[in-house]
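Text of the file target-v1.txt, holding compact mmCIF, N, CA and C atoms:
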```txt
# COMPACT_ATOMS: atom_id res chain seq x y z
N MET T 54 31.67 -110.64 52.58
CA MET T 54 31.27 -111.22 51.32
C MET T 54 32.06 -110.60 50.17
N ARG T 55 32.42 -109.33 50.33
CA ARG T 55 33.23 -108.68 49.30
C ARG T 55 34.59 -109.35 49.18
N TRP T 56 35.17 -109.74 50.34
CA TRP T 56 36.46 -110.42 50.33
C TRP T 56 36.36 -111.79 49.69
N LEU T 57 35.28 -112.50 49.93
CA LEU T 57 35.09 -113.81 49.28
C LEU T 57 35.02 -113.63 47.77
N SER T 58 34.29 -112.62 47.32
CA SER T 58 34.18 -112.35 45.88
C SER T 58 35.55 -111.98 45.30
N ALA T 59 36.32 -111.19 46.02
CA ALA T 59 37.65 -110.80 45.55
C ALA T 59 38.57 -112.01 45.43
N GLY T 60 38.37 -113.02 46.26
CA GLY T 60 39.18 -114.24 46.21
C GLY T 60 38.60 -115.30 45.30
N TYR T 61 37.56 -114.95 44.54
CA TYR T 61 36.89 -115.88 43.61
C TYR T 61 36.39 -117.13 44.34
N ILE T 62 35.89 -116.93 45.54
CA ILE T 62 35.30 -118.01 46.33
C ILE T 62 33.79 -117.89 46.19
N GLU T 63 33.20 -118.83 45.46
CA GLU T 63 31.75 -118.76 45.21
C GLU T 63 31.00 -118.97 46.51
N HIS T 64 29.96 -118.14 46.70
CA HIS T 64 29.20 -118.18 47.94
C HIS T 64 27.80 -117.62 47.71
N TYR T 65 26.93 -117.87 48.67
CA TYR T 65 25.58 -117.28 48.65
C TYR T 65 25.05 -117.27 50.07
N VAL T 66 24.05 -116.45 50.29
CA VAL T 66 23.39 -116.37 51.59
C VAL T 66 21.99 -116.93 51.41
N CYS T 67 21.64 -117.88 52.27
CA CYS T 67 20.28 -118.42 52.20
C CYS T 67 19.41 -117.67 53.21
N GLU T 68 18.12 -117.81 53.07
CA GLU T 68 17.20 -117.08 53.94
C GLU T 68 16.93 -117.81 55.26
N ASN T 69 17.46 -119.02 55.43
CA ASN T 69 17.16 -119.82 56.61
C ASN T 69 18.20 -119.74 57.72
N CYS T 70 19.35 -119.15 57.45
CA CYS T 70 20.38 -119.05 58.48
C CYS T 70 21.20 -117.79 58.24
N HIS T 71 22.05 -117.45 59.18
CA HIS T 71 22.87 -116.26 59.01
C HIS T 71 24.28 -116.60 58.50
N GLY T 72 24.43 -117.80 57.94
CA GLY T 72 25.71 -118.22 57.41
C GLY T 72 25.85 -117.90 55.94
N ILE T 73 27.08 -117.78 55.52
CA ILE T 73 27.41 -117.60 54.10
C ILE T 73 27.82 -118.97 53.58
N HIS T 74 27.05 -119.52 52.67
CA HIS T 74 27.30 -120.86 52.16
C HIS T 74 28.43 -120.83 51.12
N LEU T 75 29.35 -121.78 51.24
CA LEU T 75 30.48 -121.88 50.31
C LEU T 75 30.12 -122.91 49.23
N SER T 76 29.81 -122.42 48.06
CA SER T 76 29.30 -123.26 46.97
C SER T 76 30.25 -124.37 46.56
N GLU T 77 31.53 -124.07 46.49
CA GLU T 77 32.53 -125.04 46.02
C GLU T 77 32.51 -126.32 46.85
N LEU T 78 32.38 -126.19 48.15
CA LEU T 78 32.32 -127.36 49.01
C LEU T 78 30.92 -127.96 49.05
N GLN T 79 29.93 -127.11 49.11
CA GLN T 79 28.57 -127.59 49.28
C GLN T 79 28.09 -128.42 48.08
N GLU T 80 28.68 -128.21 46.92
CA GLU T 80 28.28 -128.95 45.73
C GLU T 80 28.91 -130.35 45.65
N LEU T 81 29.85 -130.66 46.53
CA LEU T 81 30.51 -131.96 46.51
C LEU T 81 29.62 -133.03 47.12
N GLU T 82 29.71 -134.25 46.58
CA GLU T 82 28.90 -135.35 47.09
C GLU T 82 29.28 -135.66 48.53
N GLY T 83 28.27 -135.79 49.36
CA GLY T 83 28.46 -136.09 50.77
C GLY T 83 28.40 -134.88 51.66
N VAL T 84 28.62 -133.69 51.11
CA VAL T 84 28.58 -132.47 51.91
C VAL T 84 27.14 -131.97 51.97
N LEU T 85 26.62 -131.90 53.20
CA LEU T 85 25.27 -131.39 53.38
C LEU T 85 25.24 -129.87 53.40
N GLU T 86 26.17 -129.29 54.16
CA GLU T 86 26.26 -127.84 54.23
C GLU T 86 27.71 -127.43 54.47
N SER T 87 28.06 -126.31 53.90
CA SER T 87 29.37 -125.73 54.13
C SER T 87 29.15 -124.23 54.27
N ARG T 88 29.46 -123.71 55.45
CA ARG T 88 29.11 -122.32 55.73
C ARG T 88 30.23 -121.58 56.45
N LEU T 89 30.18 -120.27 56.28
CA LEU T 89 31.06 -119.34 56.99
C LEU T 89 30.16 -118.47 57.86
N PHE T 90 30.44 -118.49 59.16
CA PHE T 90 29.71 -117.64 60.09
C PHE T 90 30.65 -116.54 60.56
N VAL T 91 30.28 -115.30 60.35
CA VAL T 91 31.09 -114.17 60.78
C VAL T 91 30.50 -113.66 62.09
N GLU T 92 31.31 -113.70 63.12
CA GLU T 92 30.90 -113.26 64.44
C GLU T 92 31.74 -112.05 64.85
N GLN T 93 31.45 -111.49 65.99
CA GLN T 93 32.15 -110.29 66.45
C GLN T 93 33.64 -110.53 66.65
N GLU T 94 34.02 -111.67 67.20
CA GLU T 94 35.43 -111.92 67.52
C GLU T 94 36.14 -112.85 66.54
N GLY T 95 35.42 -113.38 65.57
CA GLY T 95 36.07 -114.30 64.64
C GLY T 95 35.14 -114.80 63.57
N ALA T 96 35.65 -115.73 62.80
CA ALA T 96 34.87 -116.35 61.72
C ALA T 96 35.01 -117.86 61.86
N LEU T 97 33.90 -118.56 61.69
CA LEU T 97 33.86 -120.01 61.81
C LEU T 97 33.47 -120.59 60.46
N LEU T 98 34.32 -121.47 59.94
CA LEU T 98 34.03 -122.18 58.70
C LEU T 98 33.67 -123.61 59.07
N THR T 99 32.50 -124.07 58.68
CA THR T 99 32.09 -125.43 59.00
C THR T 99 31.54 -126.13 57.77
N SER T 100 31.79 -127.42 57.71
CA SER T 100 31.20 -128.28 56.69
C SER T 100 30.64 -129.51 57.40
N GLU T 101 29.45 -129.91 56.99
CA GLU T 101 28.81 -131.10 57.55
C GLU T 101 28.77 -132.16 56.46
N ILE T 102 29.32 -133.33 56.77
CA ILE T 102 29.44 -134.43 55.81
C ILE T 102 28.66 -135.62 56.34
N GLU T 103 27.77 -136.16 55.51
CA GLU T 103 26.95 -137.29 55.94
C GLU T 103 27.74 -138.59 55.86
N ILE T 104 27.70 -139.36 56.94
CA ILE T 104 28.51 -140.56 57.10
C ILE T 104 27.61 -141.80 57.11
N ARG T 105 28.10 -142.88 56.52
CA ARG T 105 27.38 -144.17 56.60
C ARG T 105 27.36 -144.62 58.06
N PRO T 106 26.20 -145.01 58.57
CA PRO T 106 26.13 -145.48 59.96
C PRO T 106 27.04 -146.68 60.22
N THR T 107 27.21 -147.55 59.23
CA THR T 107 28.06 -148.72 59.42
C THR T 107 29.55 -148.37 59.48
N ALA T 108 29.91 -147.16 59.07
CA ALA T 108 31.30 -146.72 59.09
C ALA T 108 31.63 -145.91 60.35
N LEU T 109 30.63 -145.68 61.17
CA LEU T 109 30.80 -144.79 62.32
C LEU T 109 31.88 -145.25 63.29
N LEU T 110 31.89 -146.50 63.65
CA LEU T 110 32.86 -147.01 64.63
C LEU T 110 34.30 -146.86 64.11
N VAL T 111 34.52 -147.22 62.86
CA VAL T 111 35.86 -147.11 62.28
C VAL T 111 36.27 -145.64 62.15
N LEU T 112 35.32 -144.80 61.77
CA LEU T 112 35.61 -143.37 61.64
C LEU T 112 35.99 -142.75 62.98
N VAL T 113 35.24 -143.06 64.02
CA VAL T 113 35.56 -142.53 65.35
C VAL T 113 36.95 -142.98 65.78
N ALA T 114 37.30 -144.23 65.50
CA ALA T 114 38.63 -144.73 65.84
C ALA T 114 39.72 -144.01 65.05
N ASP T 115 39.38 -143.47 63.88
CA ASP T 115 40.35 -142.81 63.00
C ASP T 115 40.40 -141.29 63.20
N LEU T 116 39.58 -140.73 64.09
CA LEU T 116 39.52 -139.28 64.26
C LEU T 116 40.85 -138.67 64.70
N GLY T 117 41.58 -139.35 65.56
CA GLY T 117 42.88 -138.83 66.01
C GLY T 117 43.84 -138.65 64.85
N ARG T 118 43.90 -139.66 63.99
CA ARG T 118 44.79 -139.58 62.83
C ARG T 118 44.34 -138.48 61.87
N LEU T 119 43.02 -138.37 61.63
CA LEU T 119 42.51 -137.34 60.72
C LEU T 119 42.83 -135.95 61.26
N ASN T 120 42.66 -135.74 62.55
CA ASN T 120 42.97 -134.42 63.13
C ASN T 120 44.46 -134.12 63.05
N MET T 121 45.30 -135.14 63.15
CA MET T 121 46.75 -134.91 63.02
C MET T 121 47.14 -134.65 61.57
N ASN T 122 46.50 -135.33 60.62
CA ASN T 122 46.83 -135.14 59.21
C ASN T 122 46.33 -133.80 58.66
N TYR T 123 45.32 -133.24 59.29
CA TYR T 123 44.75 -131.96 58.85
C TYR T 123 44.78 -131.00 60.03
N PRO T 124 45.97 -130.50 60.39
CA PRO T 124 46.11 -129.71 61.61
C PRO T 124 45.36 -128.38 61.60
N GLY T 125 45.04 -127.86 60.44
CA GLY T 125 44.28 -126.61 60.36
C GLY T 125 42.80 -126.80 60.59
N LEU T 126 42.36 -128.05 60.61
CA LEU T 126 40.94 -128.35 60.76
C LEU T 126 40.67 -129.02 62.10
N LYS T 127 39.48 -128.84 62.59
CA LYS T 127 39.00 -129.60 63.75
C LYS T 127 37.95 -130.55 63.19
N VAL T 128 38.17 -131.84 63.36
CA VAL T 128 37.30 -132.86 62.78
C VAL T 128 36.67 -133.65 63.93
N PHE T 129 35.33 -133.73 63.93
CA PHE T 129 34.64 -134.50 64.96
C PHE T 129 33.32 -135.02 64.42
N VAL T 130 32.73 -135.97 65.13
CA VAL T 130 31.48 -136.61 64.72
C VAL T 130 30.33 -136.00 65.50
N ASP T 131 29.22 -135.79 64.82
CA ASP T 131 27.99 -135.30 65.44
C ASP T 131 26.90 -136.34 65.19
N ILE T 132 26.29 -136.80 66.25
CA ILE T 132 25.23 -137.80 66.12
C ILE T 132 23.98 -137.24 66.77
N VAL T 133 22.94 -137.05 65.97
CA VAL T 133 21.65 -136.59 66.45
C VAL T 133 20.66 -137.72 66.23
N ASP T 134 19.78 -137.92 67.17
CA ASP T 134 18.88 -139.08 67.16
C ASP T 134 18.15 -139.31 65.84
N ASP T 135 17.61 -138.28 65.22
CA ASP T 135 16.75 -138.46 64.05
C ASP T 135 17.49 -138.41 62.71
N ASN T 136 18.76 -138.13 62.72
CA ASN T 136 19.52 -137.99 61.47
C ASN T 136 20.64 -139.01 61.39
N LEU T 137 21.16 -139.15 60.18
CA LEU T 137 22.35 -139.97 59.99
C LEU T 137 23.54 -139.26 60.63
N PRO T 138 24.57 -140.01 61.03
CA PRO T 138 25.74 -139.37 61.63
C PRO T 138 26.43 -138.43 60.64
N ARG T 139 27.01 -137.40 61.20
CA ARG T 139 27.71 -136.40 60.38
C ARG T 139 29.12 -136.19 60.89
N LEU T 140 30.00 -135.96 59.97
CA LEU T 140 31.35 -135.55 60.30
C LEU T 140 31.37 -134.04 60.17
N ILE T 141 31.76 -133.36 61.23
CA ILE T 141 31.85 -131.90 61.21
C ILE T 141 33.32 -131.53 61.01
N VAL T 142 33.56 -130.69 60.03
CA VAL T 142 34.91 -130.21 59.72
C VAL T 142 34.87 -128.70 59.92
N ALA T 143 35.72 -128.19 60.80
CA ALA T 143 35.65 -126.77 61.15
C ALA T 143 37.03 -126.13 61.22
N ASP T 144 37.02 -124.83 61.02
CA ASP T 144 38.20 -124.00 61.22
C ASP T 144 37.71 -122.69 61.81
N TYR T 145 38.45 -122.16 62.77
CA TYR T 145 38.08 -120.90 63.41
C TYR T 145 39.18 -119.88 63.17
N LEU T 146 38.78 -118.71 62.78
CA LEU T 146 39.71 -117.64 62.49
C LEU T 146 39.48 -116.49 63.47
N HIS T 147 40.44 -116.21 64.33
CA HIS T 147 40.34 -115.09 65.26
C HIS T 147 40.56 -113.79 64.49
N THR T 148 39.61 -112.88 64.60
CA THR T 148 39.71 -111.64 63.84
C THR T 148 39.69 -110.39 64.71
N GLN T 149 39.56 -110.55 66.00
CA GLN T 149 39.41 -109.39 66.87
C GLN T 149 40.62 -108.45 66.80
N ALA T 150 41.82 -108.99 66.67
CA ALA T 150 43.02 -108.14 66.60
C ALA T 150 43.21 -107.55 65.21
N GLY T 151 42.41 -107.99 64.25
CA GLY T 151 42.50 -107.47 62.90
C GLY T 151 43.03 -108.50 61.92
N ILE T 152 42.57 -108.38 60.71
CA ILE T 152 43.00 -109.26 59.62
C ILE T 152 42.78 -108.50 58.32
N ASP T 153 43.65 -108.70 57.36
CA ASP T 153 43.45 -108.01 56.10
C ASP T 153 42.85 -108.97 55.06
N GLU T 154 42.48 -108.43 53.94
CA GLU T 154 41.79 -109.20 52.90
C GLU T 154 42.64 -110.35 52.39
N THR T 155 43.91 -110.13 52.15
CA THR T 155 44.79 -111.18 51.64
C THR T 155 44.90 -112.35 52.60
N GLN T 156 45.05 -112.05 53.89
CA GLN T 156 45.12 -113.12 54.89
C GLN T 156 43.82 -113.91 54.94
N PHE T 157 42.71 -113.20 54.96
CA PHE T 157 41.40 -113.85 55.02
C PHE T 157 41.19 -114.79 53.84
N ILE T 158 41.46 -114.30 52.64
CA ILE T 158 41.28 -115.11 51.43
C ILE T 158 42.17 -116.34 51.48
N TRP T 159 43.43 -116.16 51.88
CA TRP T 159 44.35 -117.29 51.93
C TRP T 159 43.87 -118.34 52.92
N ILE T 160 43.44 -117.92 54.11
CA ILE T 160 42.97 -118.87 55.12
C ILE T 160 41.73 -119.61 54.65
N VAL T 161 40.78 -118.91 54.06
CA VAL T 161 39.57 -119.57 53.56
C VAL T 161 39.92 -120.55 52.45
N GLN T 162 40.78 -120.16 51.53
CA GLN T 162 41.18 -121.06 50.44
C GLN T 162 41.88 -122.30 50.98
N GLN T 163 42.74 -122.14 51.98
CA GLN T 163 43.43 -123.29 52.57
C GLN T 163 42.46 -124.21 53.28
N THR T 164 41.47 -123.64 53.95
CA THR T 164 40.46 -124.45 54.64
C THR T 164 39.62 -125.22 53.63
N VAL T 165 39.22 -124.57 52.55
CA VAL T 165 38.44 -125.24 51.50
C VAL T 165 39.25 -126.38 50.90
N MET T 166 40.51 -126.15 50.60
CA MET T 166 41.37 -127.17 50.00
C MET T 166 41.57 -128.35 50.96
N ALA T 167 41.83 -128.08 52.23
CA ALA T 167 42.02 -129.15 53.21
C ALA T 167 40.73 -129.95 53.40
N THR T 168 39.60 -129.27 53.39
CA THR T 168 38.31 -129.96 53.53
C THR T 168 38.06 -130.86 52.31
N GLN T 169 38.40 -130.39 51.13
CA GLN T 169 38.26 -131.21 49.93
C GLN T 169 39.14 -132.45 50.01
N GLN T 170 40.37 -132.29 50.46
CA GLN T 170 41.27 -133.43 50.60
C GLN T 170 40.75 -134.43 51.63
N LEU T 171 40.25 -133.93 52.74
CA LEU T 171 39.67 -134.79 53.77
C LEU T 171 38.46 -135.54 53.23
N LEU T 172 37.61 -134.84 52.50
CA LEU T 172 36.42 -135.47 51.91
C LEU T 172 36.81 -136.57 50.94
N PHE T 173 37.83 -136.32 50.13
CA PHE T 173 38.32 -137.34 49.20
C PHE T 173 38.84 -138.55 49.97
N GLU T 174 39.61 -138.30 51.04
CA GLU T 174 40.18 -139.39 51.82
C GLU T 174 39.09 -140.25 52.47
N ILE T 175 38.12 -139.61 53.10
CA ILE T 175 37.09 -140.41 53.76
C ILE T 175 36.18 -141.10 52.75
N GLY T 176 36.09 -140.53 51.55
CA GLY T 176 35.36 -141.20 50.47
C GLY T 176 36.08 -142.46 50.03
N GLU T 177 37.41 -142.37 49.91
CA GLU T 177 38.23 -143.53 49.54
C GLU T 177 38.16 -144.62 50.61
N LEU T 178 38.01 -144.21 51.86
CA LEU T 178 37.91 -145.17 52.96
C LEU T 178 36.52 -145.79 53.08
N GLY T 179 35.57 -145.29 52.29
CA GLY T 179 34.21 -145.84 52.29
C GLY T 179 33.33 -145.33 53.42
N PHE T 180 33.65 -144.17 53.98
CA PHE T 180 32.88 -143.63 55.10
C PHE T 180 31.68 -142.80 54.67
N LEU T 181 31.67 -142.33 53.42
CA LEU T 181 30.61 -141.44 52.97
C LEU T 181 29.32 -142.17 52.65
N MET T 182 28.22 -141.51 52.95
CA MET T 182 26.91 -142.01 52.54
C MET T 182 26.79 -141.72 51.05
N GLN T 183 26.45 -142.73 50.26
CA GLN T 183 26.36 -142.58 48.81
C GLN T 183 24.91 -142.34 48.40
N ASP T 184 24.71 -141.64 47.28
CA ASP T 184 23.36 -141.33 46.80
C ASP T 184 22.53 -142.56 46.52
N ASP T 185 23.16 -143.65 46.08
CA ASP T 185 22.41 -144.83 45.68
C ASP T 185 22.10 -145.76 46.85
N GLU T 186 22.49 -145.39 48.06
CA GLU T 186 22.24 -146.26 49.21
C GLU T 186 20.82 -146.07 49.71
N PRO T 187 20.13 -147.15 50.10
CA PRO T 187 18.78 -147.03 50.61
C PRO T 187 18.77 -146.24 51.91
N GLY T 188 17.69 -145.50 52.12
CA GLY T 188 17.55 -144.74 53.35
C GLY T 188 18.22 -143.38 53.30
N LYS T 189 18.77 -143.04 52.14
CA LYS T 189 19.45 -141.75 52.00
C LYS T 189 18.41 -140.66 51.97
N HIS T 190 18.49 -139.77 52.91
CA HIS T 190 17.61 -138.61 52.92
C HIS T 190 18.42 -137.38 53.32
N SER T 191 18.97 -136.75 52.31
CA SER T 191 19.83 -135.60 52.54
C SER T 191 18.97 -134.37 52.79
N ALA T 192 19.02 -133.90 53.99
CA ALA T 192 18.26 -132.71 54.34
C ALA T 192 19.17 -131.77 55.12
N ALA T 193 19.08 -130.51 54.79
CA ALA T 193 19.87 -129.52 55.49
C ALA T 193 19.37 -129.39 56.92
N VAL T 194 20.24 -128.95 57.79
CA VAL T 194 19.89 -128.79 59.19
C VAL T 194 18.80 -127.74 59.37
N HIS T 195 18.88 -126.69 58.62
CA HIS T 195 17.89 -125.62 58.77
C HIS T 195 16.92 -125.75 57.66
```

Taking this structure as input, can you express it in the form of structure tokens?
Amino acid sequence: MRWLSAGYIEHYVCENCHGIHLSELQELEGVLESRLFVEQEGALLTSEIEIRPTALLVLVADLGRLNMNYPGLKVFVDIVDDNLPRLIVADYLHTQAGIDETQFIWIVQQTVMATQQLLFEIGELGFLMQDDEPGKHSAAVH
């Protein structure tokens, strides 16, 4: 968390999970959660984006292109029975061999920027669930 603060990456820890929430991404429309999980062997950055159910088929068909256009990210769809479909955007950072503060900050900043660009692109394509759509119930996973 000290490194995030040094890189001017706004964050907070909620009491419901062990993730560090990334405020810059989480405040964007369509993003349900954006978190950094620090584990023993690495760090996982994930963002969950709520998708319109009617856009699901086209989005799944476009996943290959999205993963190629954003090579630093892993982009996939998560469908749970009781919730609207979500696009999961993730990046994994191996840290077991060591990493310094400058590298960490740069990687997190690049992941945040790529996620923002991806969010803008899928918004332009009409894949995002909008606030004014009926049936919108944005609830965090935890």

Q: Can you check which residues of chain T DSSP gives as strand (DSSP E or B) on the backbone and send them as a ChimeraX atom specification?
A: /T:64-66,73-75,84-91,95-104,127-131,139-147,181

Q) So which one's closest to Arg139 of chain T, T:Pro106, T:Gly176, T:Gly72, T:Gly95? Using only C-alpha atoms, please. A)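 Among the listed residues, the smallest separation from Arg139 of chain T belongs to T:Pro106.
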
Q: Give the alpha helix (DSSP H) residues of chain T, as DSSP finds them on the backbone, and put them as a PyMOL selection string.
A: chain T and resi 55-59+76-79+109-122+154-177

Q: Choose the residue, out of T:Leu178, T:Val66, T:Gly60, T:Ala167, that has the smallest atom-to-atom separation from Tyr123 of chain T; count only N, CA and C atoms.
A: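 Closest to Tyr123 of chain T of all the choices is T:Ala167.
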
Q.
Set the distance at 9 Å and use only C-alpha atoms: which residues neighbour Ile62 of chain T once local chain neighbours fewer than 2 positions away are removed? I'd like the list as JSON, numbers by chain.
A. {"T": [56, 57, 58, 59, 60, 64, 75, 76, 77, 158, 161, 162]}

Residues from the last selection, N, CA and C atoms, saved as a compact mmCIF listing (two decimals), keeping the file's coordinate frame:
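So the final result, stored in part_10.txt, reads:
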```txt
# COMPACT_ATOMS: atom_id res chain seq x y z
N TRP T 56 35.17 -109.74 50.34
CA TRP T 56 36.46 -110.42 50.33
C TRP T 56 36.36 -111.79 49.69
N LEU T 57 35.28 -112.50 49.93
CA LEU T 57 35.09 -113.81 49.28
C LEU T 57 35.02 -113.63 47.77
N SER T 58 34.29 -112.62 47.32
CA SER T 58 34.18 -112.35 45.88
C SER T 58 35.55 -111.98 45.30
N ALA T 59 36.32 -111.19 46.02
CA ALA T 59 37.65 -110.80 45.55
C ALA T 59 38.57 -112.01 45.43
N GLY T 60 38.37 -113.02 46.26
CA GLY T 60 39.18 -114.24 46.21
C GLY T 60 38.60 -115.30 45.30
N HIS T 64 29.96 -118.14 46.70
CA HIS T 64 29.20 -118.18 47.94
C HIS T 64 27.80 -117.62 47.71
N LEU T 75 29.35 -121.78 51.24
CA LEU T 75 30.48 -121.88 50.31
C LEU T 75 30.12 -122.91 49.23
N SER T 76 29.81 -122.42 48.06
CA SER T 76 29.30 -123.26 46.97
C SER T 76 30.25 -124.37 46.56
N GLU T 77 31.53 -124.07 46.49
CA GLU T 77 32.53 -125.04 46.02
C GLU T 77 32.51 -126.32 46.85
N ILE T 158 41.46 -114.30 52.64
CA ILE T 158 41.28 -115.11 51.43
C ILE T 158 42.17 -116.34 51.48
N VAL T 161 40.78 -118.91 54.06
CA VAL T 161 39.57 -119.57 53.56
C VAL T 161 39.92 -120.55 52.45
N GLN T 162 40.78 -120.16 51.53
CA GLN T 162 41.18 -121.06 50.44
C GLN T 162 41.88 -122.30 50.98
```

(Q) For a test of reading the model, state the distance in Å between atom CA of Val113 of chain T and atom N of Pro138 of chain T, rounded to one decimal. (A)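 Between atom CA of Val113 of chain T and atom N of Pro138 of chain T the gap is 12.1 Å.
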